[in-house]
Amino acid sequence: MFVTDIRKEFYEVVVNQVRNSSFFVLFYQYFVLINCGANVDLLETLQPEEDSVFFICDTHRPVDVVNVYNDTQIKLLIKQDDDLGVPSYDDIFRDDEEDEEAGDDSGNESDGSAEPSGKRRRYDEARFIIMSYMLECVCVCRREILFDYEQYEFHGTSAALVMFELAWVMSKDTKDMLWWSVIGVTDQWVHDKIPHMKYVTDIATLQRHVSRHNHRNEDEENSLSIDCMRITFEYDLRLVLYQHWSLYESICNSCYTSCSFKLWSINGQKKLQEFLADMGLPLKQVRQKFNSMDMTIKENLREVIEESANKFSMKDIRVQTFAVHFGFKNRFLASDVVHAAAALLENVEKDETPTDNFIKALDCLSRSNLEWLHLGIALAKKKLKAIQQTVASCICTNLILSQGPFLYCHLLEGTPDVKLFSKPLALTLLCKYLLKAFVCSTRNKRCKILPLIMAAPLDVEKGTVIVLGIPPESETSDKKKWVSNSNSNHFYFQVSLLKMEDRGKFLDALIALLS
């Protein structure tokens with residue numbers, strides 16, 4: 001279901017149903033659960049009314065959240081004008097004389113030959129009606145469903161942006177919520193979930209909200225306080241974490257610059273040295289942390305890098321983004337927070353539960369917990385280094401194989417940092433980086449239009465692997481859903497669990513499907 005009016009078609013429907021229904025109190029408990037998935041799209045709580053609270057959880061589903069569903073009712077959601085003859089809950093589970101007699105005789109009958117009770121018979125009839133209706137819908141609308149499924153993008157508008165606009169319509173939006181929606185949209189761009197034009201459109205929407213909030217807060221007394229928060233729209237560099245790293249490390253570990261220079265090769269390293277020399281920056285300054293560089297260099301750094309990048313055919317070195325200022329000293333780009341939160345969410349350095357990692361990722365989004373944000377940035381640096389080293393290793397050792405309709409790469413158990421790539425976000429970044437690097441290095445034109453399938457060990461003891469498929473590298477970067485025989489741009493999937501011994505069967509079936 002696509003909701004066009006978030007307030008009328010979602011919020012008011014839920015609130016009215018909670019207020020007017022006593023039967024579903026156990027199900028709702030005056031709570032509405034929003035599943036944001038294992039990503040950084042939306043990690044925030046919205047309380048529009050006193051009697052309904054919106055909670056956010058991730059796909060890992062902690063035990064205390066799963067229990068909400070255990071002993072509750074499930075409501076059949078159909079169009080109001082559909083007359084399927086589905087009886088209500090009270091009609092199905094009502095007590096009548098037949099059931100009471102069956103209950104009295106149940107103690108004397110142990111052979112299992114007794115007729116089913118009235119409740120059971122009515123329940124089976126209702127289930128048959130529902131299943132028949134569902135099967136009919138699938139058979140009749142299969143062609144339309146497949147067309148729509150392949151026609152549109154794999155991901156829609158960021159859930160964070162949708163919830164912020166809901167709060168804005170209700171006049172309950174805040175600057176913190178606006179920043180979280182910026183992070184949600186940036187997360188989609190960083191992890192290559194949406195095309196560039198969709199990202200630009202959402203950024204334009206957010207830019208209007210940022211201008212509105214900045215104008216509204218100009219006359220506030222705390223606008224210059226140490227605890228103030230200021231969001232700015234900027235054209236910044238496509239260099240990951242360069243303000244919290246050295247410029248040299250950022251260039252080497254950024255997908256865009258690393259693939260442009262082909263840094264896994266000797267010629268690529270020479271090009272990098274020529275690029276640094278063209279900028280006129282001393283190597284000592286380039287290898288220092290950004291905060292330790294001279295102020296005169298930092299002030300003109302973006303212009304100097306952009307000018308030199310144009311000479312090396314890197315015209316897209318700049319990107320539209322947002323930055324946030326916490327007080328006078330702390331400044332972060334939206335992409336910095338995305339990488340930090342993703343690293344905390346998929347941290348594998350300690351034996352912590354997914355719930356603990358989720359809470360830490362949630363805490364790093366608050367300006368009162370900047371220590372968690374700095375920890376996430378440190379973990380993100382390690383992850384980006386591991387990705388860069390793995391890409392270089394796969395390219396130099398020819399681990400990417402052509403399997404006919406797609407490219408395939410399998411990380412072995414002994415690969416350094418292989419445990420890190422058992423997580424979907426880290427594996428997604430690796431796939432994106434590796435495919436772009438392979439396209440830049442290969443001379444085979446056909447391989448440049450093929451999707452990539454990558455497998456990595458998930459649980460060595462259980463013998464499972466995680467398999468991820470991404471579409472071909474293209475200028476339009478459309479992220480379609482699956483794959484058709486005529487257009488491989490639809491290719492996108494993720495298989496979380498796959499037995500090691502079934503990997504060959506899976507690949508053979510995929511080859512047969514795509515050939």
# chains A, B, ... in the order shown; residues from 1 in each chain; ligands from 1
call {"tool": "select_by_dssp", "arguments": {"residues": "segment 362-424 of chain A", "states": "alpha helix (DSSP H)", "output": "PyMOL selection string"}}
result
chain A and resi 362-363+370-396+424
call {"tool": "residues_around", "arguments": {"residues": "segment 318-321 of chain A", "least_positions_apart": "4", "cutoff": "6 Å", "atoms": "only C-alpha atoms", "output": "list in words"}}
result
Glu234, Tyr235, Asp236, Leu237 and Arg238 of chain A
call {"tool": "write_last_selection", "arguments": {"atoms": "C-alpha atoms", "output": "JSON list (two decimals), in the first residue's frame"}}
result
[["chain", "number", "residue", "atom", "x", "y", "z"],
["A", 234, "GLU", "CA", 27.05, 22.47, 1.40],
["A", 235, "TYR", "CA", 28.83, 21.19, -1.69],
["A", 236, "ASP", "CA", 31.49, 19.00, -0.12],
["A", 237, "LEU", "CA", 34.09, 16.50, -1.29],
["A", 238, "ARG", "CA", 33.43, 12.84, -2.00]]
call {"tool": "closest_residue", "arguments": {"among": "A:Asn253, A:Gln207, A:Thr157, A:Ser308", "to": "Tyr433 of chain A", "atoms": "only C-alpha atoms"}}
result
A:Asn253
call {"tool": "atom_distance", "arguments": {"atom1": "atom CA of Ile449 of chain A", "atom2": "atom CA of Pro472 of chain A"}}
result
5.4 Å
call {"tool": "select_by_dssp", "arguments": {"residues": "segment 290-417 of chain A", "states": "strand (DSSP E)", "output": "PyMOL selection string"}}
result
chain A and resi 318-326+330-333+401-402+407-410
call {"tool": "closest_residue", "arguments": {"among": "A:Gly280, A:Gly118, A:Pro451, A:Gly327", "to": "Ile305 of chain A", "atoms": "only C-alpha atoms"}}
result
A:Gly280
call {"tool": "closest_residue", "arguments": {"among": "A:Ala380, A:Met229, A:Leu434, A:Ala456", "to": "Val324 of chain A", "atoms": "only C-alpha atoms"}}
result
A:Met229
call {"tool": "residues_around", "arguments": {"residues": "Tyr248 of chain A", "least_positions_apart": "4", "cutoff": "10 Å", "atoms": "only C-alpha atoms", "output": "list of chain:residue names"}}
result
A:Tyr242, A:Cys252, A:Asn253, A:Leu272, A:Leu276, A:Leu283, A:Lys284, A:Gln285, A:Val286, A:Arg287, A:Gln288, A:Lys289, A:Phe290
call {"tool": "write_last_selection", "arguments": {"atoms": "C-alpha atoms", "output": "PDB file, in the first residue's frame"}}
result
ATOM      1  CA  TYR A 242      38.400  13.367   5.577  1.00  0.00           C
ATOM      2  CA  CYS A 252      43.176   6.042  -0.498  1.00  0.00           C
ATOM      3  CA  ASN A 253      40.061   4.604   1.179  1.00  0.00           C
ATOM      4  CA  LEU A 272      48.171   9.651  -6.714  1.00  0.00           C
ATOM      5  CA  LEU A 276      49.185  15.454  -4.594  1.00  0.00           C
ATOM      6  CA  LEU A 283      53.384  15.336   1.996  1.00  0.00           C
ATOM      7  CA  LYS A 284      53.791  16.068   5.690  1.00  0.00           C
ATOM      8  CA  GLN A 285      50.591  18.109   5.684  1.00  0.00           C
ATOM      9  CA  VAL A 286      48.705  15.560   3.578  1.00  0.00           C
ATOM     10  CA  ARG A 287      49.496  12.724   5.979  1.00  0.00           C
ATOM     11  CA  GLN A 288      48.526  14.732   9.054  1.00  0.00           C
ATOM     12  CA  LYS A 289      45.070  14.660  10.538  1.00  0.00           C
ATOM     13  CA  PHE A 290      42.771  17.258   9.061  1.00  0.00           C
TER      14      PHE A 290
END
call {"tool": "closest_residue", "arguments": {"among": "A:Gln403, A:Asn291, A:Ser366, A:Ser335", "to": "Leu247 of chain A", "atoms": "only C-alpha atoms"}}
result
A:Asn291
call {"tool": "closest_residue", "arguments": {"among": "A:Ile297, A:Leu333, A:Met279, A:Val439", "to": "Thr186 of chain A", "atoms": "only C-alpha atoms"}}
result
A:Leu333
call {"tool": "residues_around", "arguments": {"residues": "segment 259-261 of chain A", "least_positions_apart": "6", "cutoff": "7 Å", "atoms": "only C-alpha atoms", "output": "PyMOL selection string"}}
result
chain A and resi 268+271-272+436-437+440
